[in-house]
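One file, work.pdb, is given below (PDB, C-alpha atoms, pLDDT in the B column).
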ATOM      1  CA  MET J   8       0.000   0.000   0.000  1.00 68.00           C
ATOM      2  CA  LEU J   9       1.339   3.401  -0.959  1.00 68.00           C
ATOM      3  CA  THR J  10       1.648   6.126   1.623  1.00 80.00           C
ATOM      4  CA  ARG J  11       0.084   9.508   0.996  1.00 79.00           C
ATOM      5  CA  THR J  12       3.502  11.007   0.211  1.00 84.00           C
ATOM      6  CA  GLN J  13       4.297   8.230  -2.264  1.00 80.00           C
ATOM      7  CA  LYS J  14       0.937   8.779  -3.973  1.00 80.00           C
ATOM      8  CA  GLU J  15       1.566  12.529  -4.217  1.00 85.00           C
ATOM      9  CA  GLU J  16       5.049  11.905  -5.642  1.00 85.00           C
ATOM     10  CA  GLY J  17       3.597   9.433  -8.128  1.00 83.00           C
ATOM     11  CA  VAL J  18       0.946  11.932  -9.235  1.00 87.00           C
ATOM     12  CA  ALA J  19       3.570  14.681  -9.570  1.00 88.00           C
ATOM     13  CA  GLU J  20       5.822  12.389 -11.617  1.00 91.00           C
ATOM     14  CA  LEU J  21       2.940  11.395 -13.914  1.00 90.00           C
ATOM     15  CA  ARG J  22       1.888  15.037 -14.377  1.00 90.00           C
ATOM     16  CA  ASP J  23       5.447  15.943 -15.298  1.00 91.00           C
ATOM     17  CA  LYS J  24       5.653  13.111 -17.839  1.00 91.00           C
ATOM     18  CA  PHE J  25       2.229  13.944 -19.282  1.00 91.00           C
ATOM     19  CA  GLY J  26       3.336  17.568 -19.622  1.00 89.00           C
ATOM     20  CA  ARG J  27       6.502  16.623 -21.521  1.00 90.00           C
ATOM     21  CA  ALA J  28       4.961  13.915 -23.711  1.00 91.00           C
ATOM     22  CA  LYS J  29       4.068  14.678 -27.325  1.00 91.00           C
ATOM     23  CA  SER J  30       1.419  11.977 -27.233  1.00 92.00           C
ATOM     24  CA  VAL J  31      -0.185   9.644 -24.703  1.00 94.00           C
ATOM     25  CA  ILE J  32      -1.922   6.381 -25.551  1.00 95.00           C
ATOM     26  CA  VAL J  33      -4.059   4.453 -23.054  1.00 95.00           C
ATOM     27  CA  ALA J  34      -4.408   0.691 -23.410  1.00 94.00           C
ATOM     28  CA  ASP J  35      -6.007  -2.270 -21.681  1.00 93.00           C
ATOM     29  CA  TYR J  36      -3.522  -5.098 -21.236  1.00 91.00           C
ATOM     30  CA  ARG J  37      -5.925  -7.511 -19.484  1.00 90.00           C
ATOM     31  CA  GLY J  38      -4.996 -11.111 -20.225  1.00 89.00           C
ATOM     32  CA  LEU J  39      -1.421 -10.483 -21.389  1.00 89.00           C
ATOM     33  CA  SER J  40       1.321 -12.485 -19.739  1.00 90.00           C
ATOM     34  CA  VAL J  41       4.406 -10.865 -18.259  1.00 91.00           C
ATOM     35  CA  GLY J  42       6.384 -12.204 -21.222  1.00 91.00           C
ATOM     36  CA  GLN J  43       4.007 -10.555 -23.693  1.00 91.00           C
ATOM     37  CA  VAL J  44       4.254  -7.207 -21.889  1.00 91.00           C
ATOM     38  CA  ASP J  45       8.050  -7.548 -21.851  1.00 91.00           C
ATOM     39  CA  SER J  46       7.905  -8.244 -25.594  1.00 91.00           C
ATOM     40  CA  LEU J  47       5.996  -4.990 -26.119  1.00 92.00           C
ATOM     41  CA  ARG J  48       8.514  -3.070 -24.034  1.00 91.00           C
ATOM     42  CA  GLY J  49      11.293  -4.609 -26.127  1.00 91.00           C
ATOM     43  CA  LYS J  50       9.580  -3.485 -29.340  1.00 91.00           C
ATOM     44  CA  LEU J  51       9.317   0.032 -27.956  1.00 90.00           C
ATOM     45  CA  ARG J  52      13.043  -0.027 -27.079  1.00 89.00           C
ATOM     46  CA  GLU J  53      13.860  -1.224 -30.622  1.00 89.00           C
ATOM     47  CA  ALA J  54      11.751   1.609 -32.057  1.00 86.00           C
ATOM     48  CA  GLY J  55      14.095   4.111 -30.428  1.00 79.00           C
ATOM     49  CA  ASP J  56      14.463   6.348 -27.428  1.00 78.00           C
ATOM     50  CA  GLY J  57      11.721   8.613 -26.290  1.00 87.00           C
ATOM     51  CA  PHE J  58       9.021   6.066 -25.494  1.00 92.00           C
ATOM     52  CA  GLU J  59       7.769   4.882 -22.143  1.00 91.00           C
ATOM     53  CA  TYR J  60       5.258   2.162 -21.340  1.00 92.00           C
ATOM     54  CA  ARG J  61       4.004   1.785 -17.822  1.00 91.00           C
ATOM     55  CA  VAL J  62       1.172   0.385 -15.799  1.00 91.00           C
ATOM     56  CA  ALA J  63      -0.321   2.724 -13.227  1.00 89.00           C
ATOM     57  CA  LYS J  64      -3.168   2.759 -10.752  1.00 90.00           C
ATOM     58  CA  ASN J  65      -6.300   4.313 -12.175  1.00 92.00           C
ATOM     59  CA  THR J  66      -6.746   6.626  -9.189  1.00 90.00           C
ATOM     60  CA  LEU J  67      -3.229   8.023  -9.668  1.00 91.00           C
ATOM     61  CA  LEU J  68      -3.871   8.485 -13.395  1.00 92.00           C
ATOM     62  CA  ARG J  69      -7.144  10.294 -12.705  1.00 92.00           C
ATOM     63  CA  ARG J  70      -5.459  12.611 -10.219  1.00 91.00           C
ATOM     64  CA  ALA J  71      -2.537  13.265 -12.571  1.00 91.00           C
ATOM     65  CA  THR J  72      -4.816  14.178 -15.481  1.00 91.00           C
ATOM     66  CA  ALA J  73      -7.321  16.223 -13.462  1.00 89.00           C
ATOM     67  CA  ASP J  74      -7.403  19.918 -14.436  1.00 84.00           C
ATOM     68  CA  THR J  75      -5.246  19.277 -17.530  1.00 86.00           C
ATOM     69  CA  GLY J  76      -5.939  18.784 -21.213  1.00 87.00           C
ATOM     70  CA  LEU J  77      -5.715  15.056 -20.561  1.00 89.00           C
ATOM     71  CA  ALA J  78      -8.780  15.062 -18.298  1.00 89.00           C
ATOM     72  CA  PRO J  79     -11.015  13.480 -21.007  1.00 89.00           C
ATOM     73  CA  LEU J  80      -8.823  10.362 -20.821  1.00 90.00           C
ATOM     74  CA  ALA J  81     -10.012   9.745 -17.244  1.00 89.00           C
ATOM     75  CA  GLN J  82     -13.075   7.900 -18.567  1.00 91.00           C
ATOM     76  CA  CYS J  83     -10.669   5.251 -19.968  1.00 90.00           C
ATOM     77  CA  PHE J  84      -9.024   4.611 -16.603  1.00 92.00           C
ATOM     78  CA  ALA J  85     -10.933   1.465 -15.671  1.00 90.00           C
ATOM     79  CA  GLY J  86      -9.620  -2.047 -15.307  1.00 89.00           C
ATOM     80  CA  PRO J  87      -5.965  -2.843 -15.949  1.00 89.00           C
ATOM     81  CA  THR J  88      -4.618   0.342 -17.519  1.00 92.00           C
ATOM     82  CA  ALA J  89      -1.311   0.924 -19.234  1.00 93.00           C
ATOM     83  CA  ILE J  90      -0.099   4.187 -20.671  1.00 94.00           C
ATOM     84  CA  ALA J  91       2.402   4.685 -23.445  1.00 94.00           C
ATOM     85  CA  LEU J  92       4.133   8.038 -23.739  1.00 94.00           C
ATOM     86  CA  ALA J  93       5.990   9.433 -26.742  1.00 93.00           C
ATOM     87  CA  PHE J  94       8.576  12.075 -25.949  1.00 92.00           C
ATOM     88  CA  GLY J  95       9.837  11.855 -29.527  1.00 86.00           C
ATOM     89  CA  ASP J  96       8.030  10.753 -32.682  1.00 86.00           C
ATOM     90  CA  PRO J  97       4.358  10.046 -31.837  1.00 90.00           C
ATOM     91  CA  VAL J  98       3.807   8.273 -35.168  1.00 90.00           C
ATOM     92  CA  ARG J  99       6.391   5.614 -34.369  1.00 90.00           C
ATOM     93  CA  LEU J 100       4.770   4.952 -30.983  1.00 92.00           C
ATOM     94  CA  ALA J 101       1.358   4.568 -32.637  1.00 93.00           C
ATOM     95  CA  LYS J 102       2.822   2.173 -35.233  1.00 93.00           C
ATOM     96  CA  VAL J 103       4.379  -0.066 -32.598  1.00 93.00           C
ATOM     97  CA  LEU J 104       1.215  -0.179 -30.475  1.00 94.00           C
ATOM     98  CA  VAL J 105      -1.169  -0.724 -33.410  1.00 95.00           C
ATOM     99  CA  ASP J 106       1.037  -3.523 -34.778  1.00 94.00           C
ATOM    100  CA  TYR J 107       1.223  -5.097 -31.332  1.00 94.00           C
ATOM    101  CA  ALA J 108      -2.567  -4.872 -30.929  1.00 93.00           C
ATOM    102  CA  LYS J 109      -2.962  -6.690 -34.268  1.00 93.00           C
ATOM    103  CA  GLU J 110      -0.661  -9.481 -33.051  1.00 91.00           C
ATOM    104  CA  ASN J 111      -2.287  -9.754 -29.596  1.00 89.00           C
ATOM    105  CA  ASP J 112      -6.054  -9.503 -29.525  1.00 88.00           C
ATOM    106  CA  LYS J 113      -5.978  -9.147 -25.723  1.00 90.00           C
ATOM    107  CA  PHE J 114      -4.123  -5.820 -26.010  1.00 92.00           C
ATOM    108  CA  GLU J 115      -6.703  -3.104 -26.660  1.00 93.00           C
ATOM    109  CA  LEU J 116      -6.031   0.542 -27.429  1.00 95.00           C
ATOM    110  CA  LYS J 117      -8.605   2.640 -25.570  1.00 94.00           C
ATOM    111  CA  ALA J 118      -7.776   6.264 -26.396  1.00 94.00           C
ATOM    112  CA  GLY J 119      -4.989   8.739 -26.851  1.00 94.00           C
ATOM    113  CA  TYR J 120      -4.076  12.386 -26.633  1.00 94.00           C
ATOM    114  CA  MET J 121      -1.932  14.495 -28.941  1.00 92.00           C
ATOM    115  CA  ASP J 122      -1.686  18.204 -29.735  1.00 88.00           C
ATOM    116  CA  GLY J 123      -4.545  19.139 -27.431  1.00 87.00           C
ATOM    117  CA  ARG J 124      -6.889  16.600 -28.975  1.00 91.00           C
ATOM    118  CA  THR J 125      -8.308  13.343 -27.645  1.00 92.00           C
ATOM    119  CA  LEU J 126      -7.766  10.414 -30.019  1.00 93.00           C
ATOM    120  CA  THR J 127     -10.064   7.453 -30.579  1.00 93.00           C
ATOM    121  CA  PRO J 128      -8.630   4.006 -31.381  1.00 93.00           C
ATOM    122  CA  ALA J 129      -9.451   4.724 -35.051  1.00 94.00           C
ATOM    123  CA  ASP J 130      -7.478   7.987 -34.854  1.00 93.00           C
ATOM    124  CA  ILE J 131      -4.516   6.103 -33.396  1.00 93.00           C
ATOM    125  CA  ALA J 132      -4.719   3.565 -36.242  1.00 93.00           C
ATOM    126  CA  THR J 133      -4.760   6.431 -38.766  1.00 91.00           C
ATOM    127  CA  LEU J 134      -1.805   8.067 -37.036  1.00 89.00           C
ATOM    128  CA  ALA J 135       0.092   4.788 -37.369  1.00 90.00           C
ATOM    129  CA  THR J 136      -0.295   4.921 -41.170  1.00 88.00           C
ATOM    130  CA  LEU J 137       1.480   8.281 -41.480  1.00 84.00           C
ATOM    131  CA  PRO J 138       5.156   8.433 -42.441  1.00 80.00           C
ATOM    132  CA  SER J 139       7.540   8.797 -39.529  1.00 74.00           C
ATOM    133  CA  LEU J 140       9.188  12.092 -38.683  1.00 73.00           C
ATOM    134  CA  ASP J 141      12.468  10.868 -40.185  1.00 77.00           C
ATOM    135  CA  ALA J 142      10.723   9.905 -43.437  1.00 78.00           C
ATOM    136  CA  LEU J 143       9.082  13.336 -43.634  1.00 76.00           C
ATOM    137  CA  ARG J 144      12.434  15.012 -43.044  1.00 81.00           C
ATOM    138  CA  GLY J 145      13.950  12.925 -45.843  1.00 84.00           C
ATOM    139  CA  ARG J 146      11.184  13.967 -48.218  1.00 80.00           C
ATOM    140  CA  LEU J 147      11.693  17.610 -47.291  1.00 82.00           C
ATOM    141  CA  VAL J 148      15.438  17.407 -47.917  1.00 84.00           C
ATOM    142  CA  GLY J 149      14.727  15.748 -51.274  1.00 80.00           C
ATOM    143  CA  LEU J 150      12.319  18.538 -52.210  1.00 77.00           C
ATOM    144  CA  LEU J 151      14.859  21.165 -51.222  1.00 81.00           C
ATOM    145  CA  GLN J 152      17.652  19.469 -53.181  1.00 79.00           C
ATOM    146  CA  ALA J 153      15.670  18.898 -56.384  1.00 76.00           C
ATOM    147  CA  PRO J 154      15.901  22.495 -57.703  1.00 79.00           C
ATOM    148  CA  ALA J 155      19.634  22.625 -57.009  1.00 76.00           C
ATOM    149  CA  GLN J 156      20.163  19.322 -58.831  1.00 77.00           C
ATOM    150  CA  LYS J 157      18.165  20.567 -61.814  1.00 78.00           C
ATOM    151  CA  LEU J 158      20.176  23.794 -61.890  1.00 73.00           C
ATOM    152  CA  VAL J 159      23.449  21.875 -61.861  1.00 75.00           C
ATOM    153  CA  SER J 160      22.174  19.645 -64.689  1.00 77.00           C
ATOM    154  CA  VAL J 161      21.238  22.681 -66.795  1.00 76.00           C
ATOM    155  CA  LEU J 162      24.586  24.358 -66.163  1.00 78.00           C
ATOM    156  CA  VAL J 163      26.589  21.204 -66.920  1.00 78.00           C
ATOM    157  CA  ALA J 164      24.637  20.225 -70.062  1.00 79.00           C
ATOM    158  CA  PRO J 165      26.268  22.713 -72.518  1.00 80.00           C
ATOM    159  CA  GLY J 166      29.752  21.760 -71.341  1.00 79.00           C
ATOM    160  CA  ALA J 167      28.946  18.058 -71.694  1.00 79.00           C
ATOM    161  CA  GLN J 168      27.501  18.648 -75.186  1.00 83.00           C
ATOM    162  CA  LEU J 169      30.639  20.563 -76.199  1.00 81.00           C
ATOM    163  CA  ALA J 170      32.846  17.781 -74.865  1.00 83.00           C
ATOM    164  CA  ARG J 171      30.853  15.164 -76.868  1.00 86.00           C
ATOM    165  CA  LEU J 172      31.072  17.364 -79.996  1.00 85.00           C
ATOM    166  CA  VAL J 173      34.849  17.793 -79.637  1.00 87.00           C
ATOM    167  CA  GLU J 174      35.257  14.052 -79.033  1.00 88.00           C
ATOM    168  CA  ALA J 175      33.157  13.219 -82.118  1.00 87.00           C
ATOM    169  CA  ARG J 176      35.199  15.684 -84.233  1.00 87.00           C
ATOM    170  CA  ARG J 177      38.465  14.218 -82.927  1.00 88.00           C
ATOM    171  CA  GLY J 178      37.206  10.725 -83.821  1.00 86.00           C
ATOM    172  CA  LYS J 179      36.306  11.829 -87.380  1.00 87.00           C
ATOM    173  CA  LEU J 180      39.670  13.508 -87.839  1.00 85.00           C
ATOM    174  CA  ALA J 181      41.496  10.453 -86.568  1.00 85.00           C
ATOM    175  CA  GLU J 182      39.398   8.274 -88.863  1.00 84.00           C
ATOM    176  CA  SER J 183      40.038  10.463 -91.897  1.00 83.00           C
ATOM    177  CA  GLU J 184      43.797  10.597 -91.168  1.00 80.00           C
ATOM    178  CA  GLY J 185      43.916   6.840 -90.701  1.00 68.00           C
ATOM    179  CA  GLY J 186      41.975   6.219 -93.912  1.00 59.00           C
ATOM    180  CA  ALA J 187      44.000   8.603 -96.138  1.00 56.00           C
TER     181      ALA J 187
END
Translate the structure of the given file into C-alpha cells.
Amino acid sequence: MLTRTQKEEGVAELRDKFGRAKSVIVADYRGLSVGQVDSLRGKLREAGDGFEYRVAKNTLLRRATADTGLAPLAQCFAGPTAIALAFGDPVRLAKVLVDYAKENDKFELKAGYMDGRTLTPADIATLATLPSLDALRGRLVGLLQAPAQKLVSVLVAPGAQLARLVEARRGKLAESEGGA
C-alpha cells in the first residue's frame, strides 16, 4: 500500500511526464502475460528512445490528469490500464502499439491524446499509417535538393555537349587521317 507522500510523488511524476509527452496512448492489457508485456517493451526499445510504457493505478492516473488537457482520458481509466508516452516521434509509438494490438487480440487501445486533442482508437490507427518524422524530413530534404540538382544539370549540359562534340570531331579527324 502506498503512503500519501508516495501517492503525491507518483501523481507529480505522472503530471510531469504527461506535460513533456508529445502523445499519450491508453491501453487495456488484461490477459497479457508478463512475457508478452516484456515483448511490447522490447519493441518500444527497438523503435528508439523517447518512449515509455508503464502500468499505473487508475486513481493516480485520474489525479494526474485532473485539471489538464488530458482530463477526457479519465473515462478510460478502468480495469488494468497501461499508458504509453511518446517524448519523440508520436507516429512511431502509434505504429508499434497498433502492430502489437494486431498481433495480440488481448491488447486493446482505448484512447490517446496528442496536440490538445483526444484520439479514438481509429485515430490512433490512422496516425500509425502516417510516415515517420524521419521519413518526412527525408522527403523535405529531397524537395529542397531537387531544384539545385536541376540547376546543376542545366549548367553542366552545354559543357557536356561541347565535350561530346569535340570528341566526335576528334574521332572523325582520326578516322580520316587513318583512312587517307
Inset, instruction - For CA of Gly149 (chain J) and CA of Lys29 (chain J), quote the distance in Å rounded to one decimal. - result: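 Those two atoms sit 26.2 Å apart.
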Legend entry - For Val41 (chain J), the nearest of the candidates J:Val62, J:Ala91, J:Ala28, J:Arg99, counting all atoms listed in the file: J:Val62
Inset, instruction - Compare J:Pro97, J:Pro154, J:Pro138, J:Gly76 by their minimum atom-to-atom distance to Arg22 (chain J), counting all atoms listed in the file, and give me the closest one. - result: J:Gly76
Inset, instruction - Kindly indicate which residue among J:Met121, J:Val161, J:Ala54, J:Ala132 lies nearest to Val31 (chain J), using all atoms listed in the file for the distances. - result: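 With all atoms listed in the file as the atom set, the closest residue is J:Met121.
Nearest-residue note for Phe25 (chain J): choosing from J:Leu143, J:Leu68, J:Leu39, J:Leu51, the minimum distance belongs to J:Leu68, counting only C-alpha atoms.
The neighbours of Leu126 (chain J) here are the residues that come within 12 Å of it, using all atoms listed in the file and leaving out any residue fewer than 2 positions away in the same chain; they are J:Ser30, J:Val31, J:Ile32, J:Val33, J:Leu77, J:Pro79, J:Leu80, J:Cys83, J:Ala101, J:Leu116, J:Lys117, J:Ala118, J:Gly119, J:Tyr120, J:Met121, J:Asp122, J:Gly123, J:Arg124, J:Pro128, J:Ala129, J:Asp130, J:Ile131, J:Ala132, J:Thr133, J:Leu134.
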Inset, instruction - Measure the distance from CA of Phe114 (chain J) to CA of Arg27 (chain J) in Å and round it to one decimal. - result: 25.2 Å
Inset, instruction - Quick one: pull the distance between CA of Thr127 (chain J) and CA of Leu67 (chain J), Å, one decimal. - result: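 Distance reported for this atom pair: 22.0 Å.
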Inset, instruction - Give the answer as one residue: which of J:Leu100, J:Ala167, J:Ala71, J:Ala155 has the shortest atom-to-atom distance to Gly26 (chain J), using only C-alpha atoms? - result: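 Using only C-alpha atoms, the shortest distance to Gly26 (chain J) belongs to J:Ala71.
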Legend entry - Evaluate the PyMOL selection byres ((chain J and resi 55) around 12) and report residues as a list in words: Arg48, Gly49, Lys50, Leu51, Arg52, Glu53, Ala54, Asp56, Gly57, Phe58, Glu59, Ala93, Phe94, Gly95, Asp96, Pro97, Arg99, Leu100, Val103 and Asp141 of chain J
